[in-house]
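**Student:** This is the content of input32.tsv (TSV, C-alpha atoms):
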```
chain	number	residue	atom	x	y	z
A	443	HIS	CA	37.48	43.99	-7.68
A	444	VAL	CA	34.07	42.83	-6.42
A	445	GLN	CA	33.57	42.67	-2.67
A	446	LEU	CA	30.63	41.35	-0.66
A	447	VAL	CA	30.14	42.68	2.84
A	448	GLU	CA	27.62	40.93	5.05
A	449	SER	CA	25.94	42.03	8.24
A	450	GLY	CA	23.32	40.60	10.53
A	451	GLY	CA	23.17	37.13	11.93
A	452	GLY	CA	23.66	36.22	15.55
A	453	SER	CA	21.84	34.02	18.02
A	454	VAL	CA	18.11	33.52	18.38
A	455	GLN	CA	15.73	31.09	19.99
A	456	ALA	CA	13.78	28.59	17.93
A	457	GLY	CA	10.78	30.22	16.30
A	458	GLY	CA	12.50	33.58	16.17
A	459	SER	CA	13.62	35.73	13.26
A	460	LEU	CA	16.87	37.15	11.94
A	461	ASN	CA	17.78	39.32	9.00
A	462	LEU	CA	20.95	39.22	6.93
A	463	SER	CA	22.23	41.93	4.62
A	464	CYS	CA	24.92	41.94	1.98
A	465	VAL	CA	26.20	44.93	0.06
A	466	VAL	CA	28.07	44.22	-3.16
A	467	SER	CA	30.64	46.55	-4.64
A	468	GLY	CA	30.87	45.93	-8.34
A	469	ASN	CA	28.68	44.80	-11.19
A	470	VAL	CA	26.90	41.50	-10.63
A	471	ASN	CA	23.67	39.90	-11.78
A	472	CYS	CA	22.63	36.99	-9.60
A	473	MET	CA	22.87	37.39	-5.83
A	474	GLY	CA	22.19	34.73	-3.28
A	475	TRP	CA	22.81	33.12	0.07
A	476	PHE	CA	24.42	29.82	0.96
A	477	ARG	CA	24.87	28.15	4.30
A	478	GLN	CA	27.18	25.55	5.76
A	479	ALA	CA	26.80	23.78	9.06
A	480	PRO	CA	29.76	22.03	10.74
A	481	GLY	CA	30.47	18.71	9.07
A	482	LYS	CA	27.96	19.32	6.29
A	483	GLN	CA	28.15	20.44	2.67
A	484	ARG	CA	27.54	24.04	1.75
A	485	MET	CA	24.01	24.41	0.45
A	486	GLU	CA	22.29	27.09	-1.56
A	487	VAL	CA	19.54	28.80	0.41
A	488	ALA	CA	18.08	31.32	-2.02
A	489	SER	CA	19.01	33.45	-4.99
A	490	ILE	CA	17.59	36.40	-6.89
A	491	ASP	CA	18.46	38.03	-10.18
A	492	GLN	CA	18.24	41.61	-11.43
A	493	THR	CA	14.62	41.14	-12.48
A	494	VAL	CA	13.97	40.27	-8.82
A	495	ARG	CA	12.89	36.71	-9.52
A	496	PRO	CA	13.57	34.68	-6.39
A	497	TYR	CA	14.52	31.05	-6.00
A	498	TYR	CA	14.30	29.15	-2.73
A	499	SER	CA	15.61	25.84	-1.61
A	500	THR	CA	12.83	23.58	-0.43
A	501	PHE	CA	14.06	23.53	3.14
A	502	VAL	CA	13.50	27.28	3.56
A	503	LYS	CA	10.51	27.90	1.34
A	504	GLY	CA	7.77	29.70	3.20
A	505	ARG	CA	10.06	30.69	6.08
A	506	PHE	CA	12.81	32.73	4.40
A	507	THR	CA	12.43	35.68	2.05
A	508	ILE	CA	15.16	36.96	-0.23
A	509	ALA	CA	14.99	40.53	-1.44
A	510	ARG	CA	17.17	42.78	-3.51
A	511	ASP	CA	17.72	46.51	-3.80
A	512	ASN	CA	19.33	47.15	-7.18
A	513	ALA	CA	19.93	50.81	-6.38
A	514	LYS	CA	22.00	49.85	-3.34
A	515	ASN	CA	23.42	46.71	-4.97
A	516	ALA	CA	22.34	44.83	-1.89
A	517	VAL	CA	20.66	41.54	-1.13
A	518	TYR	CA	18.78	40.63	2.02
A	519	LEU	CA	17.62	37.42	3.65
A	520	MET	CA	14.75	37.63	6.09
A	521	MET	CA	14.52	34.44	8.11
A	522	ASP	CA	11.40	33.60	10.10
A	523	ASN	CA	10.39	30.63	12.22
A	524	LEU	CA	14.00	29.59	12.64
A	525	ALA	CA	14.83	26.11	13.83
A	526	PRO	CA	18.02	24.66	15.32
A	527	ASP	CA	18.69	22.95	11.95
A	528	ASP	CA	19.03	26.43	10.42
A	529	SER	CA	22.17	27.05	12.48
A	530	ALA	CA	25.06	27.53	10.09
A	531	MET	CA	27.54	29.94	8.62
A	532	TYR	CA	25.59	31.95	6.06
A	533	SER	CA	27.51	33.38	3.13
A	534	CYS	CA	26.46	35.94	0.57
A	535	ALA	CA	27.27	35.01	-3.02
A	536	ALA	CA	27.16	36.76	-6.37
A	537	SER	CA	27.55	35.91	-10.02
A	538	ARG	CA	28.23	37.90	-13.15
A	539	ASN	CA	25.64	35.74	-14.88
A	540	TRP	CA	21.92	35.18	-14.57
A	541	CYS	CA	20.86	32.90	-11.77
A	542	SER	CA	21.21	29.23	-12.61
A	543	ARG	CA	20.19	26.08	-10.79
A	544	PRO	CA	22.46	25.54	-8.94
A	545	MET	CA	23.83	29.05	-8.70
A	546	ARG	CA	27.27	29.46	-10.22
A	547	VAL	CA	29.17	31.71	-7.85
A	548	ASP	CA	31.90	34.10	-8.90
A	549	TYR	CA	32.23	36.00	-5.62
A	550	TRP	CA	31.77	35.12	-1.94
A	551	GLY	CA	31.26	37.09	1.22
A	552	GLN	CA	33.16	36.29	4.39
A	553	GLY	CA	30.19	34.64	6.09
A	554	THR	CA	28.10	35.42	9.15
A	555	GLN	CA	27.11	32.95	11.85
A	556	VAL	CA	23.49	32.15	12.62
A	557	THR	CA	22.82	30.11	15.75
A	558	VAL	CA	19.35	28.89	16.69
A	559	SER	CA	18.83	27.26	20.07
```
In C-alpha cells, write the structure found in this file.

**Tutor:**
Amino acid sequence: HVQLVESGGGSVQAGGSLNLSCVVSGNVNCMGWFRQAPGKQRMEVASIDQTVRPYYSTFVKGRFTIARDNAKNAVYLMMDNLAPDDSAMYSCAASRNWCSRPMRVDYWGQGTQVTVS
C-alpha cells in the first residue's frame, strides 16, 4: 500500500519562500505536486521522474523548483517569490508510470495548505 506523507507549507508574506516535502512509501516512478485553490480546478504544478527530469507548469516556472531524492523516495517543492495567487492546498502525487503530460496520478497525499498574504 503506497502512502504519501507531506510536510511543510504554512503562511508567508508575498515575495517570501516556502518548502514542501513528501515522502513516499512504496515503489513509484513519477512524483509531482498539484494545487487547488477554493472554487478552482486542481492544477498540476510540477513533476519529476526517476531520471530527475523536471516539468513545470508555466505559472510557476522560474519561481518553483522540484527536486527528488531517490534514496529517500522523497520529492520536494521549493517555492520562491510567492504571490497571493499561489495560495492553495498543495498535494503530493505519485504514479507507477513515467511522467506524462498531464501527469496520471495513482496516489495522492493528504494535502498541505499554503497561504500567501

**Student:** Please provide as an MDAnalysis selection string all residues within 6 Å of segment 462-464 of chain A, with the sequence filter that same-chain residues fewer than 3 positions apart are discarded (counting only C-alpha atoms).

**Tutor:** chainID A and resid 447:451 516:519

**Student:** Between A:Met531, A:His443, A:Phe476, A:Lys482, which has the minimum distance to Ser499 of chain A (counting all atoms listed in the file)?

**Tutor:**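 Using all atoms listed in the file, Ser499 of chain A sits closest to A:Phe476.
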
**Student:** Show me the residues close to (13.2, 36.8, -7.6) - anything with an atom within 12 Å, counting all atoms listed in the file - and format the list as an mmCIF file with C-alpha atoms, in the coordinates of the input.

**Tutor:**
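The result, stored in selection-v2.cif:
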```
data_model
loop_
_atom_site.group_PDB
_atom_site.id
_atom_site.type_symbol
_atom_site.label_atom_id
_atom_site.label_comp_id
_atom_site.auth_asym_id
_atom_site.auth_seq_id
_atom_site.Cartn_x
_atom_site.Cartn_y
_atom_site.Cartn_z
ATOM 1 C CA ASN A 471 23.670 39.900 -11.780
ATOM 2 C CA CYS A 472 22.630 36.990 -9.600
ATOM 3 C CA MET A 473 22.870 37.390 -5.830
ATOM 4 C CA GLY A 474 22.190 34.730 -3.280
ATOM 5 C CA ALA A 488 18.080 31.320 -2.020
ATOM 6 C CA SER A 489 19.010 33.450 -4.990
ATOM 7 C CA ILE A 490 17.590 36.400 -6.890
ATOM 8 C CA ASP A 491 18.460 38.030 -10.180
ATOM 9 C CA GLN A 492 18.240 41.610 -11.430
ATOM 10 C CA THR A 493 14.620 41.140 -12.480
ATOM 11 C CA VAL A 494 13.970 40.270 -8.820
ATOM 12 C CA ARG A 495 12.890 36.710 -9.520
ATOM 13 C CA PRO A 496 13.570 34.680 -6.390
ATOM 14 C CA TYR A 497 14.520 31.050 -6.000
ATOM 15 C CA TYR A 498 14.300 29.150 -2.730
ATOM 16 C CA THR A 507 12.430 35.680 2.050
ATOM 17 C CA ILE A 508 15.160 36.960 -0.230
ATOM 18 C CA ALA A 509 14.990 40.530 -1.440
ATOM 19 C CA ARG A 510 17.170 42.780 -3.510
ATOM 20 C CA ASP A 511 17.720 46.510 -3.800
ATOM 21 C CA VAL A 517 20.660 41.540 -1.130
ATOM 22 C CA TYR A 518 18.780 40.630 2.020
ATOM 23 C CA TRP A 540 21.920 35.180 -14.570
ATOM 24 C CA CYS A 541 20.860 32.900 -11.770
#
```

**Student:** Extending 5 Å beyond the listed atoms of segment 491-504 of chain A on each side, what axis-aligned box results? I want centre and edge lengths in Å to one decimal, as lines of an AutoDock Vina configuration file.

**Tutor:**
```
center_x = 13.1
center_y = 32.6
center_z = -4.5
size_x = 20.7
size_y = 28.1
size_z = 26.0
```

**Student:** For each of A:Asn523, A:Gln552, A:Ser537, A:Asn515, take the minimum atom-to-atom distance to Val465 of chain A, counting all atoms listed in the file, then give the residue where this is smallest.

**Tutor:**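 Of A:Asn523, A:Gln552, A:Ser537, A:Asn515, the one nearest Val465 of chain A, counting all atoms listed in the file, is A:Asn515.
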
**Student:** What is the distance, in Å and to one decimal place, between atom CA of Val454 of chain A and atom CA of Thr557 of chain A?

**Tutor:**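 Answer for the atom CA of Val454 of chain A to atom CA of Thr557 of chain A separation: 6.4 Å.
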
**Student:** Which residue gives the smallest distance to Val558 of chain A among A:Val466, A:Met520, A:Val444, A:Leu460, with all atoms listed in the file counted?

**Tutor:**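 Among the listed residues, A:Leu460 lies closest to Val558 of chain A.
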
**Student:** Just want the 6 Å neighbourhood of Ser533 of chain A, counted on only C-alpha atoms, with same-chain residues fewer than 2 positions away dropped. Output as a PyMOL selection string.

**Tutor:** chain A and resi 475-477+551+553

**Student:** Taking only residues of segment 493-556 of chain A that have an atom at most 9 Å from an atom of segment 484-487 of chain A, what is each one's shortest atom pair and its distance in Å to one decimal, using only C-alpha atoms, in chain and number order, as a Markdown table?

**Tutor:**
```
| residue | atom | partner | partner_atom | distance |
| --- | --- | --- | --- | --- |
| A:Tyr497 | CA | A:Val487 | CA | 8.4 |
| A:Tyr498 | CA | A:Val487 | CA | 6.1 |
| A:Ser499 | CA | A:Val487 | CA | 5.3 |
| A:Thr500 | CA | A:Val487 | CA | 8.5 |
| A:Phe501 | CA | A:Val487 | CA | 8.1 |
| A:Val502 | CA | A:Val487 | CA | 7.0 |
| A:Phe506 | CA | A:Val487 | CA | 8.8 |
| A:Tyr532 | CA | A:Val487 | CA | 8.9 |
| A:Pro544 | CA | A:Glu486 | CA | 7.5 |
| A:Met545 | CA | A:Glu486 | CA | 7.6 |
```

**Student:** For Gly504 of chain A, which of A:Ser459, A:Gln445, A:Asp522, A:Arg538 is the closest residue, counting only C-alpha atoms?

**Tutor:**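 Using only C-alpha atoms, Gly504 of chain A sits closest to A:Asp522.
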
**Student:** For atom CA of Val470 of chain A and atom CA of Ser542 of chain A, determine how far apart the two atoms are, in Å to one decimal place.

**Tutor:** 13.7 Å

**Student:** Can you work out the spacing between atom CA of Trp550 of chain A and atom CA of Ala456 of chain A in Å, to one decimal?

**Tutor:**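 It comes out at 27.6 Å.
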
**Student:** For a quick check of understanding, using only C-alpha atoms, which of A:Gln455, A:Gly481, A:Asn461, A:Ala530 has the smallest distance to Gln555 of chain A?

**Tutor:**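 For Gln555 of chain A, the nearest of the candidates is A:Ala530.
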
**Student:** Please return segment 511-547 of chain A, rebuilt to N, CA and C atoms, as a PDB file, in the coordinates of the input.

**Tutor:**
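In the end it all went to rebuild35.pdb:
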```pdb
ATOM      1  N   ASP A 511      17.831  45.086  -3.515  1.00  0.00           N
ATOM      2  CA  ASP A 511      17.720  46.510  -3.800  1.00  0.00           C
ATOM      3  C   ASP A 511      18.786  46.825  -4.859  1.00  0.00           C
ATOM      4  N   ASN A 512      18.361  46.936  -6.107  1.00  0.00           N
ATOM      5  CA  ASN A 512      19.330  47.150  -7.180  1.00  0.00           C
ATOM      6  C   ASN A 512      20.026  48.503  -7.072  1.00  0.00           C
ATOM      7  N   ALA A 513      19.323  49.488  -6.533  1.00  0.00           N
ATOM      8  CA  ALA A 513      19.930  50.810  -6.380  1.00  0.00           C
ATOM      9  C   ALA A 513      21.082  50.783  -5.388  1.00  0.00           C
ATOM     10  N   LYS A 514      20.954  49.963  -4.361  1.00  0.00           N
ATOM     11  CA  LYS A 514      22.000  49.850  -3.340  1.00  0.00           C
ATOM     12  C   LYS A 514      22.944  48.692  -3.628  1.00  0.00           C
ATOM     13  N   ASN A 515      22.627  47.911  -4.662  1.00  0.00           N
ATOM     14  CA  ASN A 515      23.420  46.710  -4.970  1.00  0.00           C
ATOM     15  C   ASN A 515      23.517  45.819  -3.736  1.00  0.00           C
ATOM     16  N   ALA A 516      22.376  45.582  -3.132  1.00  0.00           N
ATOM     17  CA  ALA A 516      22.340  44.830  -1.890  1.00  0.00           C
ATOM     18  C   ALA A 516      21.317  43.697  -1.982  1.00  0.00           C
ATOM     19  N   VAL A 517      21.577  42.672  -1.222  1.00  0.00           N
ATOM     20  CA  VAL A 517      20.660  41.540  -1.130  1.00  0.00           C
ATOM     21  C   VAL A 517      20.405  41.252   0.340  1.00  0.00           C
ATOM     22  N   TYR A 518      19.191  40.854   0.644  1.00  0.00           N
ATOM     23  CA  TYR A 518      18.780  40.630   2.020  1.00  0.00           C
ATOM     24  C   TYR A 518      18.166  39.242   2.153  1.00  0.00           C
ATOM     25  N   LEU A 519      18.282  38.692   3.342  1.00  0.00           N
ATOM     26  CA  LEU A 519      17.620  37.420   3.650  1.00  0.00           C
ATOM     27  C   LEU A 519      16.895  37.590   4.966  1.00  0.00           C
ATOM     28  N   MET A 520      15.569  37.542   4.897  1.00  0.00           N
ATOM     29  CA  MET A 520      14.750  37.630   6.090  1.00  0.00           C
ATOM     30  C   MET A 520      14.353  36.213   6.476  1.00  0.00           C
ATOM     31  N   MET A 521      14.724  35.809   7.665  1.00  0.00           N
ATOM     32  CA  MET A 521      14.520  34.440   8.110  1.00  0.00           C
ATOM     33  C   MET A 521      13.541  34.415   9.269  1.00  0.00           C
ATOM     34  N   ASP A 522      12.432  33.726   9.069  1.00  0.00           N
ATOM     35  CA  ASP A 522      11.400  33.600  10.100  1.00  0.00           C
ATOM     36  C   ASP A 522      11.254  32.150  10.539  1.00  0.00           C
ATOM     37  N   ASN A 523      10.663  31.976  11.690  1.00  0.00           N
ATOM     38  CA  ASN A 523      10.390  30.630  12.220  1.00  0.00           C
ATOM     39  C   ASN A 523      11.649  29.768  12.167  1.00  0.00           C
ATOM     40  N   LEU A 524      12.720  30.293  12.684  1.00  0.00           N
ATOM     41  CA  LEU A 524      14.000  29.590  12.640  1.00  0.00           C
ATOM     42  C   LEU A 524      13.988  28.372  13.540  1.00  0.00           C
ATOM     43  N   ALA A 525      14.710  27.358  13.088  1.00  0.00           N
ATOM     44  CA  ALA A 525      14.830  26.110  13.830  1.00  0.00           C
ATOM     45  C   ALA A 525      16.310  25.821  14.080  1.00  0.00           C
ATOM     46  N   PRO A 526      16.616  24.988  15.056  1.00  0.00           N
ATOM     47  CA  PRO A 526      18.020  24.660  15.320  1.00  0.00           C
ATOM     48  C   PRO A 526      18.762  24.152  14.075  1.00  0.00           C
ATOM     49  N   ASP A 527      18.054  23.454  13.178  1.00  0.00           N
ATOM     50  CA  ASP A 527      18.690  22.950  11.950  1.00  0.00           C
ATOM     51  C   ASP A 527      19.107  24.075  11.011  1.00  0.00           C
ATOM     52  N   ASP A 528      18.627  25.285  11.245  1.00  0.00           N
ATOM     53  CA  ASP A 528      19.030  26.430  10.420  1.00  0.00           C
ATOM     54  C   ASP A 528      20.367  27.013  10.873  1.00  0.00           C
ATOM     55  N   SER A 529      20.891  26.553  11.984  1.00  0.00           N
ATOM     56  CA  SER A 529      22.170  27.050  12.480  1.00  0.00           C
ATOM     57  C   SER A 529      23.274  26.721  11.483  1.00  0.00           C
ATOM     58  N   ALA A 530      24.019  27.722  11.097  1.00  0.00           N
ATOM     59  CA  ALA A 530      25.060  27.530  10.090  1.00  0.00           C
ATOM     60  C   ALA A 530      25.795  28.840   9.872  1.00  0.00           C
ATOM     61  N   MET A 531      26.887  28.741   9.119  1.00  0.00           N
ATOM     62  CA  MET A 531      27.540  29.940   8.620  1.00  0.00           C
ATOM     63  C   MET A 531      26.840  30.303   7.312  1.00  0.00           C
ATOM     64  N   TYR A 532      26.295  31.494   7.255  1.00  0.00           N
ATOM     65  CA  TYR A 532      25.590  31.950   6.060  1.00  0.00           C
ATOM     66  C   TYR A 532      26.507  32.872   5.267  1.00  0.00           C
ATOM     67  N   SER A 533      26.620  32.592   3.980  1.00  0.00           N
ATOM     68  CA  SER A 533      27.510  33.380   3.130  1.00  0.00           C
ATOM     69  C   SER A 533      26.733  34.000   1.976  1.00  0.00           C
ATOM     70  N   CYS A 534      27.002  35.249   1.737  1.00  0.00           N
ATOM     71  CA  CYS A 534      26.460  35.940   0.570  1.00  0.00           C
ATOM     72  C   CYS A 534      27.264  35.521  -0.653  1.00  0.00           C
ATOM     73  N   ALA A 535      26.598  35.435  -1.797  1.00  0.00           N
ATOM     74  CA  ALA A 535      27.270  35.010  -3.020  1.00  0.00           C
ATOM     75  C   ALA A 535      26.744  35.843  -4.190  1.00  0.00           C
ATOM     76  N   ALA A 536      27.569  35.996  -5.198  1.00  0.00           N
ATOM     77  CA  ALA A 536      27.160  36.760  -6.370  1.00  0.00           C
ATOM     78  C   ALA A 536      27.767  36.168  -7.627  1.00  0.00           C
ATOM     79  N   SER A 537      27.082  36.423  -8.730  1.00  0.00           N
ATOM     80  CA  SER A 537      27.550  35.910 -10.020  1.00  0.00           C
ATOM     81  C   SER A 537      27.425  37.002 -11.071  1.00  0.00           C
ATOM     82  N   ARG A 538      28.323  36.968 -12.028  1.00  0.00           N
ATOM     83  CA  ARG A 538      28.230  37.900 -13.150  1.00  0.00           C
ATOM     84  C   ARG A 538      27.097  37.510 -14.094  1.00  0.00           C
ATOM     85  N   ASN A 539      26.639  36.279 -13.973  1.00  0.00           N
ATOM     86  CA  ASN A 539      25.640  35.740 -14.880  1.00  0.00           C
ATOM     87  C   ASN A 539      24.254  35.728 -14.251  1.00  0.00           C
ATOM     88  N   TRP A 540      23.266  35.361 -15.097  1.00  0.00           N
ATOM     89  CA  TRP A 540      21.920  35.180 -14.570  1.00  0.00           C
ATOM     90  C   TRP A 540      21.928  33.990 -13.618  1.00  0.00           C
ATOM     91  N   CYS A 541      20.938  33.992 -12.723  1.00  0.00           N
ATOM     92  CA  CYS A 541      20.860  32.900 -11.770  1.00  0.00           C
ATOM     93  C   CYS A 541      20.643  31.575 -12.496  1.00  0.00           C
ATOM     94  N   SER A 542      21.346  30.570 -12.058  1.00  0.00           N
ATOM     95  CA  SER A 542      21.210  29.230 -12.610  1.00  0.00           C
ATOM     96  C   SER A 542      20.880  28.286 -11.459  1.00  0.00           C
ATOM     97  N   ARG A 543      20.525  27.079 -11.802  1.00  0.00           N
ATOM     98  CA  ARG A 543      20.190  26.080 -10.790  1.00  0.00           C
ATOM     99  C   ARG A 543      21.186  24.915 -10.939  1.00  0.00           C
ATOM    100  N   PRO A 544      22.158  24.698 -10.087  1.00  0.00           N
ATOM    101  CA  PRO A 544      22.460  25.540  -8.940  1.00  0.00           C
ATOM    102  C   PRO A 544      23.153  26.844  -9.334  1.00  0.00           C
ATOM    103  N   MET A 545      23.203  27.765  -8.426  1.00  0.00           N
ATOM    104  CA  MET A 545      23.830  29.050  -8.700  1.00  0.00           C
ATOM    105  C   MET A 545      25.321  28.884  -8.920  1.00  0.00           C
ATOM    106  N   ARG A 546      25.834  29.465  -9.968  1.00  0.00           N
ATOM    107  CA  ARG A 546      27.270  29.460 -10.220  1.00  0.00           C
ATOM    108  C   ARG A 546      27.848  30.744  -9.622  1.00  0.00           C
ATOM    109  N   VAL A 547      28.702  30.579  -8.651  1.00  0.00           N
ATOM    110  CA  VAL A 547      29.170  31.710  -7.850  1.00  0.00           C
ATOM    111  C   VAL A 547      30.532  32.190  -8.344  1.00  0.00           C
TER     112      VAL A 547
END
```
